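J.: A single structure is presented below for examination.
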Amino acid sequence: MAVDRDTVIRVARLARIKVPEGDLDTLAGELSNIMGWVEQLAEVDTDGVDPMTSVADMKLRWRADEVTDGGIRDRVTANASDPRDGMFSVPKVIE
Amino acid sequence: MSLLEGRTGDWEIVIGLEIHAQVTSKSKLFSGASTEFGAEPNTQVSLVDAAMPGMLPVINERAVEQAVRTGLGLNAQINLVSIFDRKNYFYPDLPQGYQISQFLDPVVGKGEIEIDLADGTSRTIGITRLHLEQDAGKSIHDQDPRKTLIDLNRSGVALMEIVSEPDMRSAEEAGAYVTKIRSIVRYLGTCDGNMQEGSLRADVNVSVRKPGGELGTRSEIKNVNSIRFIREAIDYEARRQIEIIEDGGTVDQETRLFDPDRGETRSMRSKEESHDYRYFPDPDLLPLELEQSWVDAIRESLPELPDEKKHRFMGEYGLSVDDAAQLIAERETAEYFEAVAEGRDPKIAANWVTGELFGALNRTDTDLSASTVSADMLGKLVDLISDGTLSNRLAKEVFEIMFETGDDPEKIVEERGMKQVTDTGAIEAAVDDAIAAGAAQVEQYKGGNEKILGWFVGQVMKATQGKANPQAVNEILRKKLDG
C-alpha cells in the first residue's frame with residue numbers, strides 16, 4: 001500500500017505531530033516502504049490460525065475489587081505546569 | 001406506530017441509544033483508586049489513571065462480573081473471550097490519549113428487553129452489545145476565565161456501554177427504554193442508576209424517514225442525563241431534521257449537544273474531524289477470558305428481573321400491564337406491593353399502592369423507603385375495606401390520616417369513630433328524614449328524574465358524616481321511593 005502526501009498530513013494531524021511541508025514527500029516514501037515490508041506478512045496462509053496475543057503462554061491477570069491506591073494528589077500533579085486548587089489547568093477548551 | 005406530521009406527509013423517527021452506566025464497584029476498572037462520588041479533586045487518582053509512563057492496567061474482577069451480570073439481565077449472549085482496544089483521541093481530560101474500550105469483540109453480545117408504554121402495551125427492543133470501558137476525567141470550564149481545570153477522579157472508573165438496536169420509534173419509547181434499563185441495573189445492583197450524578201447517561205441517535213423507507217442520516221446527541229431531556233431532545237431533533245429535508249436540504253451526520261435551558265440541540269463541530277479513532281487491540285492487556293462455569297454461577301445468583309416480575313404479577317395477580325409495570329419499576333416497590341397483596345385481593349392492593357400511596361408520595365416528594373405508611377399498615381386498611389368496616393371513601397380519609405401521622409388504621413378508625421354505618425336502622429332514619437325534607441325532589445323523582453337520587457344520597461351522607469355505606473343507602477332509598 002502506497003502512502004500519499006494527504007495521508008501523511010492526516011495521520012500527523014491525528015497524532016498531533018507537526019510535520020514541515022518539506023518533509024511530507026520523504027515521509028510518504030518511508031511510510032510506504034514500511035507498509036510494503038509489513039504487507040509481506042500477508043503472503044503467509046493464516047487460515048484457521050488464532051491471532052497470537054502474547055509471546056508467553058499467560059492469561060490476563062485479575063485484581064480483587066479493593067481500594068489500594070489514590071490519595072496522592074501531590075504526586076499526580078507534581079509535573080503539572082500550572083495546577084489550580086489541586087487540578088490540572090489547560091488553555092480553555094469550550095465545546 | 002407514532003408518526004410525525006410534516007408538510008410533505010408523515011415521518012417516522014428512528015432512535016437508537018448508547019447508555020453509559022457506571023459500574024458499581026469500590027475501585028476503578030484498571031487501578032486500585034476509589035470510585036466514591038464527590039471527593040476532593042484528584043484525590044482518587046492512581047498513577048495509572050493519570051497515565052504516567054510505564055504504568056500498566058490490571059483488570060478489576062468485580063467490574064467484569066458486573067458487566068456479565070448486566071449482560072445476563074439483558075438476556076444477552078456472554079462472550080467467553082473478549083478484547084480490550086484503544087480508542088484514540090486527544091482531549092485534556094483523557095490523559096492516556098486513548099480510552100481503553102472494547103470494539104470488535106465486546107464481553108456481551110446480542111440481547112433484548114421489553115419496554116412498557118403508557119397505552120398499556122409492551123414492545124421488545126433489541127440490545128446490540130454491552131462492553132466495558134474507562135470513563136474520562138472531568139473538565140471544568142467555568143472556574144477560570146482563560147483556563148479549563150481538570151479533575152481526574154472519574155478517570156478510569158468502569159463504565160458499561162449498552163448499545164441498543166435502532167428499534168425505537170418515538171420519544172416515549174426511548175424514555176421507556178431508559179427507564180427499563182435503569183430498572184434492570186438497579187435490580188442487579190450493577191449500577192446505581194443515578195442520572196443526576198451522571199452514573200447513567202445516554203447518547204441518542206436520531207434519524208427520520210418516510211414510513212418504511214430507507215434509513216435517513218442520523219445525528220448523535222451526546223451525554224443526555226435525564227429521561228425528560230432525552231424525550232425533549234428527540235422531539236426537537238426530529239422536527240429539526242424534518243424541516244431541513246422538507247426545505248430541500250440534507251441532514252449532516254454529526255454530533256450534537258442538547259441545551260436543556262433552550263430545549264434545543266446544537267452542533268458540536270469542534271470534535272468532528274477527530275472521529276477517526278484508530279482502534280487497535282491494547283498491547284497492555286491480554287484477551288479477557290471467562291469460564292462458562294463462572295458465568296453460570298452468576299446466572300444462578302440473579303434476582304427475579306423486572307420483566308419476569310411483570311409477567312408474574314400479570315399472571316399470578318391478574319394485574320394490567322400498566323399496573324404491573326408501575327409496581328416493578330423499583331425492586332422495593334414490588335416487594336412492598338407483594339407484602340400488601342399477601343392473602344388479600346391483589347387488584348385492590350395494586351390500586352391502593354399505585355393510586356393513594358404513589359399519589360401521596362409524589363405530592364410530598366417522599367421516597368417509598370421513608371413512607372410513614374408501611375406495607376403492613378396498608379394491608380390492614382385493605383382488610384378494613386374488605387370486611388365492610390370502611391367504605392372506599394372513608395378508607396381514603398383514613399389513609400390520609402395514616403400518611404400524616406403514621407398511625408395504625410385500626411387505631412384511627414377506633415379513636416375517630418370512622419366506622420362505616422351499615423346499621424340499616426340508622427340509615428333508614430336518615431333516609432326518612434331526607435325524604436320528608438325534600439317533597440319537591442320526591443316529585444321530580446316520581447316524574448322520572450333518576451339523577452335526583454344523588455341529592456338524597458348527599459343528604460343522607462351529610463346526616464351520617466359520610467359514614468353510611470353507600471350501597472345500603474342506595475338500596476334503602478330506592479325501596480322507599482319506589483315503594
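By convention here, the chains of the C-alpha cells are called A, B, ... in the order presented, each chain's residues are numbered starting at 1, and ligands are numbered starting at 1 in the order presented.
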Could you produce a table of the residues of chain B lying within 7 Å of chain A, with the nearest pair of atoms per residue and their separation in Å rounded to one decimal, using only C-alpha atoms, ordered by chain and increasing residue number, as CSV?
T.:
residue,atom,partner,partner_atom,distance
B:Ser25,CA,A:Asp65,CA,6.9
B:Lys26,CA,A:Asp65,CA,6.1
B:Ser27,CA,A:Val67,CA,5.3
B:Gly32,CA,A:Thr68,CA,4.7
B:Ala33,CA,A:Asp69,CA,4.5
B:Ser34,CA,A:Val67,CA,5.4
B:Pro41,CA,A:Gly86,CA,6.2
B:Asn42,CA,A:Arg73,CA,5.5
B:Thr43,CA,A:Gly71,CA,4.7
B:Gln44,CA,A:Gly70,CA,4.6
B:Val45,CA,A:Gly70,CA,4.8
B:Ser46,CA,A:Gly70,CA,4.8
B:Leu47,CA,A:Val76,CA,6.6
B:Ala50,CA,A:Val76,CA,6.7
B:Val58,CA,A:Trp62,CA,6.3
B:Ile59,CA,A:Trp62,CA,5.1
B:Asn60,CA,A:Arg63,CA,5.0
B:Glu61,CA,A:Trp62,CA,5.6
B:Arg62,CA,A:Asp65,CA,5.7
B:His141,CA,A:Lys92,CA,7.0
B:Arg146,CA,A:Lys92,CA,5.4
B:Lys147,CA,A:Lys92,CA,4.4
B:Thr148,CA,A:Lys92,CA,4.6
B:Leu149,CA,A:Ser89,CA,4.5
B:Ile150,CA,A:Phe88,CA,4.9
B:Asp151,CA,A:Met87,CA,5.5
B:Met268,CA,A:Glu95,CA,6.3
B:Ser270,CA,A:Glu95,CA,6.7
B:Ser274,CA,A:Leu14,CA,6.8
B:Leu285,CA,A:Leu60,CA,6.8
B:Leu286,CA,A:Leu60,CA,5.1
B:Pro287,CA,A:Leu60,CA,6.6
B:Leu288,CA,A:Leu60,CA,6.4
J.: Enumerate, as a list in words, the complete set of residues in chain A that a backbone-based DSSP assignment places in strand (DSSP E or B).
T.: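 Taking chain A and keeping strand (DSSP E or B) only, one gets Trp62, Arg63, Asp69, Arg84, Met87, Phe88, Ser89, Val90 and Pro91 of chain A.
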J.: Produce a file of the selected residues containing N, CA, C and O atoms, as a tab-separated table (two decimals), in the first residue's frame.
T.:
chain	number	residue	atom	x	y	z
A	62	TRP	N	-6.12	-10.83	36.96
A	62	TRP	CA	-7.26	-10.09	37.53
A	62	TRP	C	-6.89	-9.59	38.92
A	62	TRP	O	-6.07	-10.20	39.60
A	63	ARG	N	-7.51	-8.48	39.33
A	63	ARG	CA	-7.31	-7.99	40.69
A	63	ARG	C	-8.64	-8.04	41.45
A	63	ARG	O	-9.70	-7.94	40.85
A	69	ASP	N	-5.19	2.35	46.21
A	69	ASP	CA	-4.40	3.41	45.61
A	69	ASP	C	-5.16	4.72	45.69
A	69	ASP	O	-6.33	4.75	46.07
A	84	ARG	N	-4.23	24.38	39.67
A	84	ARG	CA	-5.14	25.29	40.39
A	84	ARG	C	-6.02	24.46	41.30
A	84	ARG	O	-6.71	23.55	40.82
A	87	MET	N	-6.08	20.93	40.82
A	87	MET	CA	-6.47	20.44	39.50
A	87	MET	C	-5.43	20.84	38.45
A	87	MET	O	-4.70	21.80	38.63
A	88	PHE	N	-5.39	20.09	37.36
A	88	PHE	CA	-4.58	20.50	36.22
A	88	PHE	C	-5.26	21.68	35.57
A	88	PHE	O	-6.48	21.82	35.65
A	89	SER	N	-4.49	22.53	34.90
A	89	SER	CA	-5.15	23.57	34.12
A	89	SER	C	-4.57	23.58	32.72
A	89	SER	O	-3.38	23.35	32.52
A	90	VAL	N	-5.46	23.78	31.77
A	90	VAL	CA	-5.05	23.81	30.36
A	90	VAL	C	-5.74	25.01	29.71
A	90	VAL	O	-6.71	25.54	30.27
A	91	PRO	N	-5.23	25.47	28.55
A	91	PRO	CA	-5.92	26.56	27.87
A	91	PRO	C	-7.39	26.20	27.67
A	91	PRO	O	-7.71	25.03	27.44
J.: As a PyMOL selection string, please: every residue in range 342-444 of chain B that a backbone DSSP assignment puts in helix (DSSP H, G or I).
T.: chain B and resi 346-363+368-370+375-386+392-405+409-416+424-437+439-444
J.: May I have the residues from that selection written out with C-alpha atoms, as a CSV table (one decimal), in the first residue's frame?
T.:
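This went into again_0.csv:
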chain,number,residue,atom,x,y,z
B,346,PRO,CA,-54.2,-8.3,44.6
B,347,LYS,CA,-56.1,-5.8,42.4
B,348,ILE,CA,-57.4,-3.8,45.4
B,349,ALA,CA,-53.8,-3.9,46.8
B,350,ALA,CA,-52.4,-2.7,43.5
B,351,ASN,CA,-55.0,0.1,43.3
B,352,TRP,CA,-54.0,1.4,46.7
B,353,VAL,CA,-50.3,1.2,46.1
B,354,THR,CA,-50.4,2.8,42.6
B,355,GLY,CA,-53.2,5.2,43.5
B,356,GLU,CA,-53.3,6.6,47.0
B,357,LEU,CA,-49.8,5.7,48.1
B,358,PHE,CA,-47.9,6.8,44.9
B,359,GLY,CA,-50.1,9.9,44.8
B,360,ALA,CA,-49.2,10.9,48.4
B,361,LEU,CA,-45.5,10.1,47.9
B,362,ASN,CA,-45.4,12.2,44.8
B,363,ARG,CA,-47.2,15.0,46.3
B,368,LEU,CA,-41.1,4.8,49.4
B,369,SER,CA,-38.4,3.9,52.0
B,370,ALA,CA,-39.3,6.9,54.0
B,375,ALA,CA,-47.0,-2.3,53.8
B,376,ASP,CA,-48.3,-4.0,56.9
B,377,MET,CA,-50.5,-0.9,57.7
B,378,LEU,CA,-51.8,-0.5,54.2
B,379,GLY,CA,-52.7,-4.2,54.2
B,380,LYS,CA,-54.7,-3.7,57.4
B,381,LEU,CA,-56.5,-0.8,55.7
B,382,VAL,CA,-57.4,-3.1,52.8
B,383,ASP,CA,-58.7,-5.6,55.3
B,384,LEU,CA,-61.0,-2.9,56.8
B,385,ILE,CA,-62.5,-2.3,53.4
B,386,SER,CA,-63.0,-6.0,52.7
B,392,ASN,CA,-63.8,3.3,49.9
B,393,ARG,CA,-64.4,7.0,50.6
B,394,LEU,CA,-63.8,6.6,54.3
B,395,ALA,CA,-60.8,4.5,53.7
B,396,LYS,CA,-59.2,7.3,51.7
B,397,GLU,CA,-59.8,9.7,54.6
B,398,VAL,CA,-58.2,7.1,56.9
B,399,PHE,CA,-55.3,6.8,54.5
B,400,GLU,CA,-54.6,10.5,54.6
B,401,ILE,CA,-54.5,10.4,58.4
B,402,MET,CA,-52.2,7.4,58.3
B,403,PHE,CA,-49.9,9.1,55.9
B,404,GLU,CA,-49.8,12.2,58.0
B,405,THR,CA,-49.5,10.6,61.5
B,409,PRO,CA,-55.6,2.3,60.6
B,410,GLU,CA,-57.5,0.3,63.2
B,411,LYS,CA,-56.4,2.8,65.9
B,412,ILE,CA,-57.5,5.7,63.7
B,413,VAL,CA,-60.9,4.1,63.0
B,414,GLU,CA,-61.4,3.4,66.6
B,415,GLU,CA,-60.4,6.7,68.0
B,416,ARG,CA,-62.1,8.9,65.5
B,424,THR,CA,-79.8,-0.2,58.4
B,425,GLY,CA,-81.9,1.2,61.1
B,426,ALA,CA,-79.7,4.4,61.4
B,427,ILE,CA,-79.6,4.7,57.6
B,428,GLU,CA,-83.3,4.2,57.2
B,429,ALA,CA,-83.9,7.0,59.7
B,430,ALA,CA,-81.7,9.3,57.8
B,431,VAL,CA,-83.4,8.3,54.5
B,432,ASP,CA,-86.8,9.1,56.0
B,433,ASP,CA,-85.6,12.5,57.1
B,434,ALA,CA,-84.2,13.3,53.7
B,435,ILE,CA,-87.5,12.2,52.0
B,436,ALA,CA,-89.5,14.3,54.5
B,437,ALA,CA,-87.3,17.3,53.9
B,439,ALA,CA,-91.0,16.9,48.9
B,440,ALA,CA,-90.1,18.7,45.7
B,441,GLN,CA,-87.3,16.3,45.0
B,442,VAL,CA,-89.6,13.3,45.6
B,443,GLU,CA,-92.0,14.8,42.9
B,444,GLN,CA,-89.1,15.1,40.5
J.: What lies within 8 Å of Glu39 in chain A using only C-alpha atoms, ignoring chain neighbours under 4 positions off, as a ChimeraX atom specification?
T.: /A:1,35,43
J.: Store the residues picked out above, limited to C-alpha atoms, as a PDB file, in the first residue's frame.
T.:
ATOM      1  CA  MET A   1       0.000   0.000   0.000  1.00  0.00           C
ATOM      2  CA  MET A  35       3.804  -0.658   4.816  1.00  0.00           C
ATOM      3  CA  GLU A  43       1.772 -13.861   1.933  1.00  0.00           C
TER       4      GLU A  43
END
J.: Find the residues near Glu112 in chain B: any atom within 12 Å, counting only C-alpha atoms, skip ones fewer than 2 places away on the same chain, and give them as a ChimeraX atom specification.
T.: /B:70-77,108-110,114-115,123-130,162-165,167,177,180-181,184,307
J.: Pick out the residues sitting within 10 Å of Pro303 in chain B, and hand them over as a list of chain:residue names; count only C-alpha atoms, and ignore anything fewer than 5 positions along from it in its own chain.
T.: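 So the residues in contact are B:Gly73, B:Tyr187, B:Leu188, B:Gly189, B:Glu308, B:Lys309, B:Arg331.
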J.: The selected residues should be written to file as a compact mmCIF listing (two decimals), in the first residue's frame (atoms: C-alpha atoms).
T.:
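Here's the written file again.txt:
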# COMPACT_ATOMS: atom_id res chain seq x y z
CA GLY B 73 -30.06 -9.37 32.88
CA TYR B 187 -32.34 -4.74 40.40
CA LEU B 188 -29.00 -6.33 39.58
CA GLY B 189 -27.01 -3.89 41.73
CA GLU B 308 -40.09 -11.61 34.72
CA LYS B 309 -41.67 -9.98 37.73
CA ARG B 331 -37.48 -3.62 43.48
J.: Rounded to one decimal, what separation in Å do you get between CA of His275 in chain B and CA of Ser101 in chain B?
T.: 15.3 Å
J.: Neighbouring residues of Asp23 in chain A were defined as those with any atom within 10 Å, considering only C-alpha atoms; residues of the same chain fewer than 5 positions away were excluded. Please report them as a list in words.
T.: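 Near neighbours after the sequence-gap exclusion: Arg5, Val8 and Ala28 of chain A.
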J.: Please provide as number ranges by chain all residues within 12 Å of Asp25 in chain A, with the sequence filter that same-chain residues fewer than 6 positions apart are discarded (counting only C-alpha atoms).
T.: A: 2-9, 19, 31-32
J.: Counting only C-alpha atoms, which of B:Glu161, B:Asp322, B:Glu291, B:Glu197 gets nearest to Asp135 in chain B?
T.: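 The closest residue to Asp135 in chain B is B:Glu161.
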J.: Considering only C-alpha atoms, can you say which of B:Ile15, B:Asp365, B:Ser374, B:Phe103 comes closest to Arg231 in chain B?
T.: B:Ile15
